[in-house]
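For reference, the structure is listed below as structure tokens.
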Protein chains: 2
Amino acid sequence: MALDKIDRKILTLLQRDATMPVAEIGRKVGLSTTPCWRRIQKMEEDGIIQRRVAVLDPVKVNVGVTVFVSVKTNEHNDSWMRKFSGVIDEFPEVVEFYRMSGDVDYLMRVVVPDIGAYDTFYKRLISKINLTDVSSAFAMGQIKYTTALPLDFAIISDDDK
Amino acid sequence: MALDKIDRKILTLLQRDATMPVAEIGRKVGLSTTPCWRRIQKMEEDGIIQRRVAVLDPVKVNVGVTVFVSVKTNEHNDSWMRKFSGVIDEFPEVVEFYRMSGDVDYLMRVVVPDIGAYDTFYKRLISKINLTDVSSAFAMGQIKYTTALPLDFAIISDDDK
DNA sequence: AGTGAAACTTCCGCCGT
DNA sequence: ACGGCGGAAGTTTCACT
């Protein structure tokens with residue numbers, strides 16, 4: 001699963017624009033079409049490339065407001081977590097969900113059109129599962145958002161300087 | 001910029017899998033290739049579809065740890081924000097960055113391999129810009145992450161039931 | 001592992017409804 | 001706006017170095 005310099009270049013390009021033809025990617029990384037195609041294929045099989053998706057403009061689809069919701073709970077067992085997780089899966093407004101260390105137990109990012117819609121979401125959420133301590137923090141604006149992960153930390157194959 | 005039922009179906013499919021051929025999308029939404037292709041084209045021109053990207057597995061590219069970094073500041077002017085924003089842009093580890101309301105002024109999501117790498121990031125960050133009050137919260141696990149935005153709130157065209 | 005080209009699939013503009 | 005057709009372009013396999 002080690003990636004060499006060329007693999008990382010390919011991934012950098014695909015993280016920016018997944019519509020780029022394999023031939024052009026090959027040209028940019030100094031490879032002809034076939035080996036470049038095989039590398040991409042392999043990274044898909046290995047699950048390094050999970051999927052290719054369309055990224056939409058949040059404002060234009062009317063979910064310009066992000067709310068971070070922190071949850072504290074007394075239920076620290078695995079089955080409760082799974083139940084919670086199942087409930088969250090039913091809410092497409094929740095786009096990210098993390099189990100945290102520290103004083104907050106769970107953190108989620110919720111996208112909605114406005115404060116009113118958030119209130120509706122909140123009521124629907126607490127009706128589905130009992131949550132003791134919930135606090136919401138509203139984002140006034142998204143300054144940076146990228147799906148591109150940094151590749152500087154990826155395991156580098158030995159024979160690659 | 002109003003979207004009808006078919007447009008929303010198309011977007012749902014493309015948010016899941018952007019490699020799906022236009023002919024197949026058309027079939028699924030009850031349209032032939034050409035009009036379906038034209039709708040997608042239009043939504044790209046309108047900027048509703050921003051881009052198509054490859055989504056990578058964070059663990060497999062060695063950035064399995066997410067840290068949420070909260071920043072409070074005394075500098076509440078626009079030029080300072082722009083400077084901060086410029087600094088953040090230089091850090092690929094910061095994948096999301098929000099201006100917040102409430103007691104925290106800024107919130108960012110940072111992805112790194114481990115705590116040690118976060119410490120390195122943190123030192124590099126504070127060396128670039130003076131930050132008074134910074135606090136970090138570590139995620140123990142990502143339970144849900146999707147790039148797909150909910151389309152239930154999108155503006156619906158009048159002649160669409 | 002790399003190249004080149006052939007076979008197949010998909011895209012995308014043109015024209016008609 | 002929707003649909004069909006056809007050339008252009010991209011993808012994927014194959015034979016060879």
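FYI, nothing fancy with the structure tokens labels: chains A, B, ... in order, residues from 1 per chain, ligands from 1 as they appear.
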
* Asked: Taking only C-alpha atoms into account, which residues of chain A are within 6 Å of chain B, as a VMD selection string?
  -> chain A and resid 14 to 18 48 to 57 60 to 62 92 to 93 95 to 101 138 to 146 150 153 to 154

File dump, residues just selected, N, CA and C atoms, as an mmCIF file, in the first residue's frame:
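out_1.cif written:
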data_model
loop_
_atom_site.group_PDB
_atom_site.id
_atom_site.type_symbol
_atom_site.label_atom_id
_atom_site.label_comp_id
_atom_site.auth_asym_id
_atom_site.auth_seq_id
_atom_site.Cartn_x
_atom_site.Cartn_y
_atom_site.Cartn_z
ATOM 1 N N LEU A 14 -6.280 13.891 -9.350
ATOM 2 C CA LEU A 14 -7.645 13.359 -9.285
ATOM 3 C C LEU A 14 -8.449 13.963 -8.140
ATOM 4 N N GLN A 15 -7.753 14.370 -7.083
ATOM 5 C CA GLN A 15 -8.470 15.037 -5.988
ATOM 6 C C GLN A 15 -8.950 16.419 -6.415
ATOM 7 N N ARG A 16 -8.229 17.018 -7.363
ATOM 8 C CA ARG A 16 -8.631 18.333 -7.860
ATOM 9 C C ARG A 16 -9.710 18.207 -8.920
ATOM 10 N N ASP A 17 -9.523 17.277 -9.845
ATOM 11 C CA ASP A 17 -10.437 17.161 -10.980
ATOM 12 C C ASP A 17 -10.463 15.730 -11.498
ATOM 13 N N ALA A 18 -11.541 15.041 -11.162
ATOM 14 C CA ALA A 18 -11.647 13.629 -11.526
ATOM 15 C C ALA A 18 -12.127 13.411 -12.952
ATOM 16 N N ILE A 48 -7.797 2.945 -1.966
ATOM 17 C CA ILE A 48 -7.182 4.250 -1.694
ATOM 18 C C ILE A 48 -8.064 5.332 -2.307
ATOM 19 N N ILE A 49 -8.442 5.107 -3.558
ATOM 20 C CA ILE A 49 -9.486 5.942 -4.161
ATOM 21 C C ILE A 49 -10.815 5.280 -3.822
ATOM 22 N N GLN A 50 -11.618 5.945 -3.005
ATOM 23 C CA GLN A 50 -12.874 5.345 -2.554
ATOM 24 C C GLN A 50 -13.972 5.485 -3.589
ATOM 25 N N ARG A 51 -14.087 6.679 -4.153
ATOM 26 C CA ARG A 51 -15.147 6.937 -5.118
ATOM 27 C C ARG A 51 -14.885 8.236 -5.839
ATOM 28 N N ARG A 52 -15.678 8.476 -6.879
ATOM 29 C CA ARG A 52 -15.617 9.760 -7.564
ATOM 30 C C ARG A 52 -16.996 10.374 -7.453
ATOM 31 N N VAL A 53 -17.037 11.606 -6.997
ATOM 32 C CA VAL A 53 -18.323 12.234 -6.714
ATOM 33 C C VAL A 53 -18.402 13.634 -7.312
ATOM 34 N N ALA A 54 -19.632 14.106 -7.463
ATOM 35 C CA ALA A 54 -19.852 15.499 -7.837
ATOM 36 C C ALA A 54 -19.977 16.324 -6.560
ATOM 37 N N VAL A 55 -19.276 17.441 -6.519
ATOM 38 C CA VAL A 55 -19.356 18.349 -5.373
ATOM 39 C C VAL A 55 -20.250 19.526 -5.745
ATOM 40 N N LEU A 56 -21.285 19.752 -4.929
ATOM 41 C CA LEU A 56 -22.247 20.815 -5.228
ATOM 42 C C LEU A 56 -21.949 22.078 -4.424
ATOM 43 N N ASP A 57 -22.476 23.190 -4.903
ATOM 44 C CA ASP A 57 -22.364 24.457 -4.186
ATOM 45 C C ASP A 57 -23.436 24.507 -3.093
ATOM 46 N N LYS A 60 -26.070 27.257 -3.372
ATOM 47 C CA LYS A 60 -26.991 27.109 -4.500
ATOM 48 C C LYS A 60 -28.001 25.992 -4.312
ATOM 49 N N VAL A 61 -27.702 25.028 -3.451
ATOM 50 C CA VAL A 61 -28.722 24.023 -3.147
ATOM 51 C C VAL A 61 -29.387 24.325 -1.796
ATOM 52 N N ASN A 62 -29.172 25.561 -1.334
ATOM 53 C CA ASN A 62 -29.908 26.081 -0.173
ATOM 54 C C ASN A 62 -29.570 25.398 1.150
ATOM 55 N N PRO A 92 -29.918 13.261 6.389
ATOM 56 C CA PRO A 92 -28.955 13.717 5.383
ATOM 57 C C PRO A 92 -28.361 15.083 5.704
ATOM 58 N N GLU A 93 -28.998 15.809 6.613
ATOM 59 C CA GLU A 93 -28.442 17.115 7.027
ATOM 60 C C GLU A 93 -27.121 16.959 7.761
ATOM 61 N N VAL A 95 -23.703 15.824 7.795
ATOM 62 C CA VAL A 95 -22.734 15.414 6.775
ATOM 63 C C VAL A 95 -21.441 14.862 7.384
ATOM 64 N N GLU A 96 -21.202 15.157 8.661
ATOM 65 C CA GLU A 96 -20.035 14.605 9.334
ATOM 66 C C GLU A 96 -20.383 14.289 10.781
ATOM 67 N N PHE A 97 -19.773 13.237 11.306
ATOM 68 C CA PHE A 97 -20.112 12.775 12.648
ATOM 69 C C PHE A 97 -18.893 12.095 13.253
ATOM 70 N N TYR A 98 -18.444 12.606 14.394
ATOM 71 C CA TYR A 98 -17.222 12.107 15.012
ATOM 72 C C TYR A 98 -17.449 11.723 16.472
ATOM 73 N N ARG A 99 -16.733 10.697 16.885
ATOM 74 C CA ARG A 99 -16.649 10.370 18.297
ATOM 75 C C ARG A 99 -15.416 11.078 18.828
ATOM 76 N N MET A 100 -15.608 11.840 19.908
ATOM 77 C CA MET A 100 -14.533 12.723 20.362
ATOM 78 C C MET A 100 -13.905 12.242 21.668
ATOM 79 N N SER A 101 -12.690 12.682 21.891
ATOM 80 C CA SER A 101 -12.105 12.560 23.224
ATOM 81 C C SER A 101 -12.310 13.899 23.913
ATOM 82 N N PHE A 138 -23.042 27.980 15.607
ATOM 83 C CA PHE A 138 -23.345 28.327 14.223
ATOM 84 C C PHE A 138 -22.137 28.921 13.516
ATOM 85 N N ALA A 139 -21.932 28.476 12.288
ATOM 86 C CA ALA A 139 -20.875 29.066 11.466
ATOM 87 C C ALA A 139 -21.448 30.252 10.704
ATOM 88 N N MET A 140 -20.707 31.350 10.731
ATOM 89 C CA MET A 140 -21.132 32.541 9.999
ATOM 90 C C MET A 140 -20.675 32.487 8.545
ATOM 91 N N GLY A 141 -19.742 31.625 8.272
ATOM 92 C CA GLY A 141 -19.258 31.532 6.902
ATOM 93 C C GLY A 141 -18.225 30.437 6.757
ATOM 94 N N GLN A 142 -18.226 29.815 5.596
ATOM 95 C CA GLN A 142 -17.250 28.771 5.297
ATOM 96 C C GLN A 142 -16.082 29.438 4.566
ATOM 97 N N ILE A 143 -14.924 29.468 5.207
ATOM 98 C CA ILE A 143 -13.783 30.157 4.602
ATOM 99 C C ILE A 143 -12.994 29.200 3.726
ATOM 100 N N LYS A 144 -12.917 27.947 4.149
ATOM 101 C CA LYS A 144 -12.204 26.944 3.358
ATOM 102 C C LYS A 144 -12.938 25.618 3.479
ATOM 103 N N TYR A 145 -13.087 24.949 2.361
ATOM 104 C CA TYR A 145 -13.621 23.589 2.397
ATOM 105 C C TYR A 145 -13.012 22.820 1.244
ATOM 106 N N THR A 146 -12.351 21.742 1.553
ATOM 107 C CA THR A 146 -11.805 20.918 0.481
ATOM 108 C C THR A 146 -11.986 19.450 0.802
ATOM 109 N N PRO A 150 -4.281 15.894 2.413
ATOM 110 C CA PRO A 150 -2.854 16.099 2.178
ATOM 111 C C PRO A 150 -2.174 14.761 1.950
ATOM 112 N N PHE A 153 1.858 12.875 4.023
ATOM 113 C CA PHE A 153 2.071 11.883 5.074
ATOM 114 C C PHE A 153 1.946 10.453 4.569
ATOM 115 N N ALA A 154 1.502 10.293 3.326
ATOM 116 C CA ALA A 154 1.289 8.947 2.791
ATOM 117 C C ALA A 154 2.583 8.146 2.829
#

* To do: Please provide the set of residues having any atom within 12 Å of DA1 (chain D), restricted to only C-alpha atoms (C1' of nucleotides), with same-chain residues fewer than 6 positions apart removed, written as a ChimeraX atom specification.
  => /B:31,34-36,38-39 /C:17

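For region 77-148 of chain A, the set of residues given strand (DSSP E or B) by DSSP on the backbone reads Val94, Val95, Glu96, Phe97, Tyr98, Arg99, Met100, Tyr106, Leu107, Met108, Arg109, Val110, Val111, Val112, Asp133, Val134, Ser135, Ser136, Ala137, Phe138, Ala139, Met140, Gly141, Gln142, Ile143, Lys144 and Tyr145 of chain A.
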
* With a distance cut-off of 9 Å and only C-alpha atoms (C1' of nucleotides), select the neighbouring residues of region 7-13 of chain D, excluding the residue or stretch itself and same-chain residues fewer than 2 positions from it, and output the selection as a PyMOL selection string. => (chain A and resi 21-23+34+37) or (chain C and resi 6-12)

Store the residues of this selection in a file with N, CA and C atoms (P, O5', C5', C4', C3', O3' and C1' of nucleotides), as a compact mmCIF listing (two decimals), in the first residue's frame.
# COMPACT_ATOMS: atom_id res chain seq x y z
N PRO A 21 -8.85 13.30 -18.38
CA PRO A 21 -8.59 12.06 -19.12
C PRO A 21 -7.29 11.40 -18.67
N VAL A 22 -7.30 10.08 -18.66
CA VAL A 22 -6.12 9.32 -18.24
C VAL A 22 -4.90 9.69 -19.07
N ALA A 23 -5.12 9.94 -20.36
CA ALA A 23 -4.00 10.29 -21.23
C ALA A 23 -3.33 11.58 -20.76
N THR A 34 -1.48 3.59 -20.73
CA THR A 34 -1.71 2.28 -20.12
C THR A 34 -1.15 2.15 -18.70
N TRP A 37 -3.14 4.25 -16.38
CA TRP A 37 -4.47 3.67 -16.16
C TRP A 37 -4.39 2.52 -15.16
P DA C 6 -4.36 0.24 -35.31
O5' DA C 6 -5.30 -1.04 -35.20
C5' DA C 6 -4.82 -2.26 -34.62
C4' DA C 6 -5.87 -2.84 -33.68
C3' DA C 6 -7.32 -2.61 -34.16
O3' DA C 6 -8.08 -3.79 -33.94
C1' DA C 6 -7.03 -1.71 -31.99
P DA C 7 -9.62 -3.90 -34.37
O5' DA C 7 -10.38 -3.77 -32.98
C5' DA C 7 -10.25 -4.82 -32.02
C4' DA C 7 -11.18 -4.54 -30.85
C3' DA C 7 -12.64 -4.30 -31.25
O3' DA C 7 -13.48 -4.93 -30.29
C1' DA C 7 -11.83 -2.41 -30.10
P DC C 8 -15.07 -4.99 -30.50
O5' DC C 8 -15.58 -4.06 -29.31
C5' DC C 8 -15.05 -4.27 -28.00
C4' DC C 8 -15.34 -3.04 -27.15
C3' DC C 8 -16.79 -2.56 -27.19
O3' DC C 8 -17.32 -2.60 -25.88
C1' DC C 8 -15.27 -0.74 -27.39
P DT C 9 -18.90 -2.30 -25.65
O5' DT C 9 -18.88 -0.90 -24.87
C5' DT C 9 -17.95 -0.70 -23.81
C4' DT C 9 -17.92 0.77 -23.45
C3' DT C 9 -19.30 1.42 -23.30
O3' DT C 9 -19.36 1.99 -22.02
C1' DT C 9 -17.88 2.74 -24.69
P DT C 10 -20.70 2.71 -21.50
O5' DT C 10 -20.38 4.25 -21.74
C5' DT C 10 -19.15 4.79 -21.23
C4' DT C 10 -18.97 6.21 -21.73
C3' DT C 10 -20.20 7.10 -21.59
O3' DT C 10 -19.82 8.28 -20.89
C1' DT C 10 -19.31 7.27 -23.76
P DC C 11 -20.86 9.45 -20.61
O5' DC C 11 -20.33 10.58 -21.59
C5' DC C 11 -18.93 10.82 -21.69
C4' DC C 11 -18.61 11.77 -22.84
C3' DC C 11 -19.38 13.08 -22.83
O3' DC C 11 -18.46 14.08 -23.24
C1' DC C 11 -19.73 12.00 -24.88
P DC C 12 -18.84 15.64 -22.81
O5' DC C 12 -19.48 16.21 -24.15
C5' DC C 12 -18.67 16.29 -25.33
C4' DC C 12 -19.54 16.56 -26.54
C3' DC C 12 -20.58 17.66 -26.36
O3' DC C 12 -20.49 18.52 -27.47
C1' DC C 12 -21.56 15.79 -27.31

* Asked: Among region 8-155 of chain A, which residues carry a DSSP assignment of helix (DSSP H, G or I), reported as a VMD selection string?
  -> chain A and resid 8 to 16 22 to 29 33 to 45 78 to 89 115 to 128

Counting only C-alpha atoms (C1' of nucleotides), what are the residues of chain D within 10 Å of chain B, and for each of them which pair of atoms is the nearest and at what distance in Å, to one decimal? Sort the table by chain and rising number, as JSON lines.
{"residue": "D:DA1", "atom": "C1'", "partner": "B:Pro35", "partner_atom": "CA", "distance": 7.9}
{"residue": "D:DC2", "atom": "C1'", "partner": "B:Pro35", "partner_atom": "CA", "distance": 6.2}
{"residue": "D:DG3", "atom": "C1'", "partner": "B:Ser32", "partner_atom": "CA", "distance": 6.7}
{"residue": "D:DG4", "atom": "C1'", "partner": "B:Thr34", "partner_atom": "CA", "distance": 9.1}

Pull all heavy atoms from the residues just selected and write them as a JSON list (two decimals), in the first residue's frame.
[["chain", "number", "residue", "atom", "x", "y", "z"],
["D", 1, "DA", "P", -36.60, 24.92, -20.30],
["D", 1, "DA", "OP1", -37.66, 25.77, -20.49],
["D", 1, "DA", "OP2", -35.25, 25.18, -19.96],
["D", 1, "DA", "O5'", -36.76, 23.41, -20.33],
["D", 1, "DA", "C5'", -36.57, 22.92, -21.60],
["D", 1, "DA", "C4'", -37.52, 21.79, -21.79],
["D", 1, "DA", "O4'", -38.16, 22.00, -23.06],
["D", 1, "DA", "C3'", -36.75, 20.49, -21.85],
["D", 1, "DA", "O3'", -37.43, 19.49, -21.14],
["D", 1, "DA", "C2'", -36.67, 20.19, -23.33],
["D", 1, "DA", "C1'", -37.89, 20.91, -23.90],
["D", 1, "DA", "N9", -37.59, 21.45, -25.24],
["D", 1, "DA", "C8", -36.94, 22.59, -25.57],
["D", 1, "DA", "N7", -36.81, 22.80, -26.86],
["D", 1, "DA", "C5", -37.44, 21.69, -27.42],
["D", 1, "DA", "C6", -37.65, 21.30, -28.74],
["D", 1, "DA", "N6", -37.24, 22.02, -29.78],
["D", 1, "DA", "N1", -38.31, 20.13, -28.95],
["D", 1, "DA", "C2", -38.72, 19.41, -27.88],
["D", 1, "DA", "N3", -38.59, 19.69, -26.59],
["D", 1, "DA", "C4", -37.92, 20.84, -26.43],
["D", 2, "DC", "P", -36.70, 18.11, -20.91],
["D", 2, "DC", "OP1", -37.33, 17.57, -19.70],
["D", 2, "DC", "OP2", -35.28, 18.46, -20.94],
["D", 2, "DC", "O5'", -37.00, 17.09, -22.11],
["D", 2, "DC", "C5'", -38.24, 16.40, -22.13],
["D", 2, "DC", "C4'", -38.34, 15.60, -23.41],
["D", 2, "DC", "O4'", -38.08, 16.47, -24.53],
["D", 2, "DC", "C3'", -37.32, 14.46, -23.51],
["D", 2, "DC", "O3'", -38.00, 13.26, -23.76],
["D", 2, "DC", "C2'", -36.40, 14.88, -24.66],
["D", 2, "DC", "C1'", -37.30, 15.79, -25.48],
["D", 2, "DC", "N1", -36.54, 16.81, -26.26],
["D", 2, "DC", "C2", -36.55, 16.75, -27.66],
["D", 2, "DC", "O2", -37.19, 15.85, -28.22],
["D", 2, "DC", "N3", -35.86, 17.69, -28.36],
["D", 2, "DC", "C4", -35.19, 18.66, -27.72],
["D", 2, "DC", "N4", -34.54, 19.56, -28.45],
["D", 2, "DC", "C5", -35.19, 18.74, -26.29],
["D", 2, "DC", "C6", -35.87, 17.80, -25.61],
["D", 3, "DG", "P", -37.17, 11.88, -23.74],
["D", 3, "DG", "OP1", -38.10, 10.79, -23.36],
["D", 3, "DG", "OP2", -35.95, 12.13, -22.96],
["D", 3, "DG", "O5'", -36.77, 11.69, -25.26],
["D", 3, "DG", "C5'", -37.78, 11.41, -26.22],
["D", 3, "DG", "C4'", -37.15, 11.19, -27.58],
["D", 3, "DG", "O4'", -36.62, 12.46, -28.05],
["D", 3, "DG", "C3'", -35.98, 10.21, -27.59],
["D", 3, "DG", "O3'", -36.26, 9.19, -28.52],
["D", 3, "DG", "C2'", -34.77, 11.06, -27.97],
["D", 3, "DG", "C1'", -35.40, 12.23, -28.72],
["D", 3, "DG", "N9", -34.63, 13.46, -28.61],
["D", 3, "DG", "C8", -34.31, 14.14, -27.46],
["D", 3, "DG", "N7", -33.61, 15.22, -27.67],
["D", 3, "DG", "C5", -33.45, 15.26, -29.05],
["D", 3, "DG", "C6", -32.77, 16.20, -29.86],
["D", 3, "DG", "O6", -32.16, 17.22, -29.51],
["D", 3, "DG", "N1", -32.84, 15.86, -31.21],
["D", 3, "DG", "C2", -33.50, 14.75, -31.72],
["D", 3, "DG", "N2", -33.45, 14.58, -33.03],
["D", 3, "DG", "N3", -34.13, 13.86, -30.96],
["D", 3, "DG", "C4", -34.07, 14.18, -29.65],
["D", 4, "DG", "P", -35.30, 8.00, -28.77],
["D", 4, "DG", "OP1", -36.14, 6.82, -29.05],
["D", 4, "DG", "OP2", -34.35, 7.99, -27.66],
["D", 4, "DG", "O5'", -34.54, 8.40, -30.13],
["D", 4, "DG", "C5'", -35.29, 8.83, -31.28],
["D", 4, "DG", "C4'", -34.39, 8.91, -32.50],
["D", 4, "DG", "O4'", -33.69, 10.18, -32.51],
["D", 4, "DG", "C3'", -33.31, 7.83, -32.60],
["D", 4, "DG", "O3'", -33.09, 7.52, -33.98],
["D", 4, "DG", "C2'", -32.10, 8.52, -31.97],
["D", 4, "DG", "C1'", -32.28, 9.97, -32.39],
["D", 4, "DG", "N9", -31.78, 10.95, -31.44],
["D", 4, "DG", "C8", -31.91, 10.93, -30.07],
["D", 4, "DG", "N7", -31.37, 11.95, -29.47],
["D", 4, "DG", "C5", -30.84, 12.70, -30.51],
["D", 4, "DG", "C6", -30.12, 13.92, -30.49],
["D", 4, "DG", "O6", -29.81, 14.60, -29.50],
["D", 4, "DG", "N1", -29.76, 14.34, -31.77],
["D", 4, "DG", "C2", -30.06, 13.66, -32.93],
["D", 4, "DG", "N2", -29.64, 14.22, -34.05],
["D", 4, "DG", "N3", -30.73, 12.52, -32.97],
["D", 4, "DG", "C4", -31.08, 12.10, -31.74]]

* Pick out the chain C residues within 9 Å of chain A. Count only C-alpha atoms (C1' of nucleotides). Give them as number ranges by chain. => C: 1-3

File dump, residues just selected, N, CA, C and O atoms (P, O5', C5', C4', C3', O3' and C1' of nucleotides), as a PDB file, in the first residue's frame:
ATOM      1  P    DA C   1       6.048  -4.038 -11.947  1.00  0.00           P
ATOM      2  O5'  DA C   1       7.075  -2.892 -12.226  1.00  0.00           O
ATOM      3  C5'  DA C   1       6.469  -1.816 -12.732  1.00  0.00           C
ATOM      4  C4'  DA C   1       7.253  -1.253 -13.882  1.00  0.00           C
ATOM      5  C3'  DA C   1       6.319  -0.360 -14.708  1.00  0.00           C
ATOM      6  O3'  DA C   1       6.896   0.915 -14.821  1.00  0.00           O
ATOM      7  C1'  DA C   1       7.423  -1.966 -16.101  1.00  0.00           C
ATOM      8  P    DG C   2       5.972   2.019 -15.439  1.00  0.00           P
ATOM      9  O5'  DG C   2       6.270   1.966 -17.027  1.00  0.00           O
ATOM     10  C5'  DG C   2       7.488   2.523 -17.516  1.00  0.00           C
ATOM     11  C4'  DG C   2       7.611   2.263 -19.008  1.00  0.00           C
ATOM     12  C3'  DG C   2       6.502   2.907 -19.842  1.00  0.00           C
ATOM     13  O3'  DG C   2       7.021   4.018 -20.571  1.00  0.00           O
ATOM     14  C1'  DG C   2       6.797   0.607 -20.429  1.00  0.00           C
ATOM     15  P    DT C   3       5.985   4.821 -21.485  1.00  0.00           P
ATOM     16  O5'  DT C   3       5.807   3.972 -22.822  1.00  0.00           O
ATOM     17  C5'  DT C   3       6.861   3.896 -23.784  1.00  0.00           C
ATOM     18  C4'  DT C   3       6.359   3.163 -25.011  1.00  0.00           C
ATOM     19  C3'  DT C   3       5.271   3.901 -25.792  1.00  0.00           C
ATOM     20  O3'  DT C   3       5.723   4.180 -27.100  1.00  0.00           O
ATOM     21  C1'  DT C   3       4.714   1.621 -25.472  1.00  0.00           C
TER      22       DT C   3
END

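The coordinates place CA of Asp4 (chain A) at 28.1 Å from C1' of DA15 (chain D).
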
* Contacts of Trp80 (chain A) at 12 Å or less, counting only C-alpha atoms (C1' of nucleotides), minus same-chain residues fewer than 6 places along, as a list in words? ->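 Counting only C-alpha atoms (C1' of nucleotides), the residues come to Thr73, Asn74, Gly86, Val87, Ile129, Asn130 and Leu131 of chain A.
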
Write a file of the selected residues as an mmCIF file, in the first residue's frame, keeping N, CA and C atoms.
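Written file, part-v3.cif:
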data_model
loop_
_atom_site.group_PDB
_atom_site.id
_atom_site.type_symbol
_atom_site.label_atom_id
_atom_site.label_comp_id
_atom_site.auth_asym_id
_atom_site.auth_seq_id
_atom_site.Cartn_x
_atom_site.Cartn_y
_atom_site.Cartn_z
ATOM 1 N N THR A 73 -22.897 12.685 26.723
ATOM 2 C CA THR A 73 -23.827 11.637 27.127
ATOM 3 C C THR A 73 -23.285 10.869 28.321
ATOM 4 N N ASN A 74 -24.177 10.149 28.970
ATOM 5 C CA ASN A 74 -23.742 9.279 30.059
ATOM 6 C C ASN A 74 -23.547 7.852 29.573
ATOM 7 N N GLY A 86 -27.012 4.907 13.967
ATOM 8 C CA GLY A 86 -28.118 4.546 13.079
ATOM 9 C C GLY A 86 -29.109 5.682 12.894
ATOM 10 N N VAL A 87 -29.377 6.392 13.974
ATOM 11 C CA VAL A 87 -30.294 7.530 13.903
ATOM 12 C C VAL A 87 -29.713 8.627 13.002
ATOM 13 N N ILE A 129 -34.008 10.142 19.645
ATOM 14 C CA ILE A 129 -33.084 9.561 20.617
ATOM 15 C C ILE A 129 -32.926 10.531 21.779
ATOM 16 N N ASN A 130 -32.765 9.970 22.974
ATOM 17 C CA ASN A 130 -32.654 10.803 24.154
ATOM 18 C C ASN A 130 -31.223 11.318 24.324
ATOM 19 N N LEU A 131 -31.083 12.635 24.222
ATOM 20 C CA LEU A 131 -29.765 13.236 24.367
ATOM 21 C C LEU A 131 -29.796 14.199 25.542
#

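From CA of Glu90 (chain B) back to CA of Ser127 (chain B), the distance works out to 13.0 Å.
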
* In Å, how far is it from CA of Lys28 (chain B) to CA of Ile10 (chain B)? -> 8.7 Å
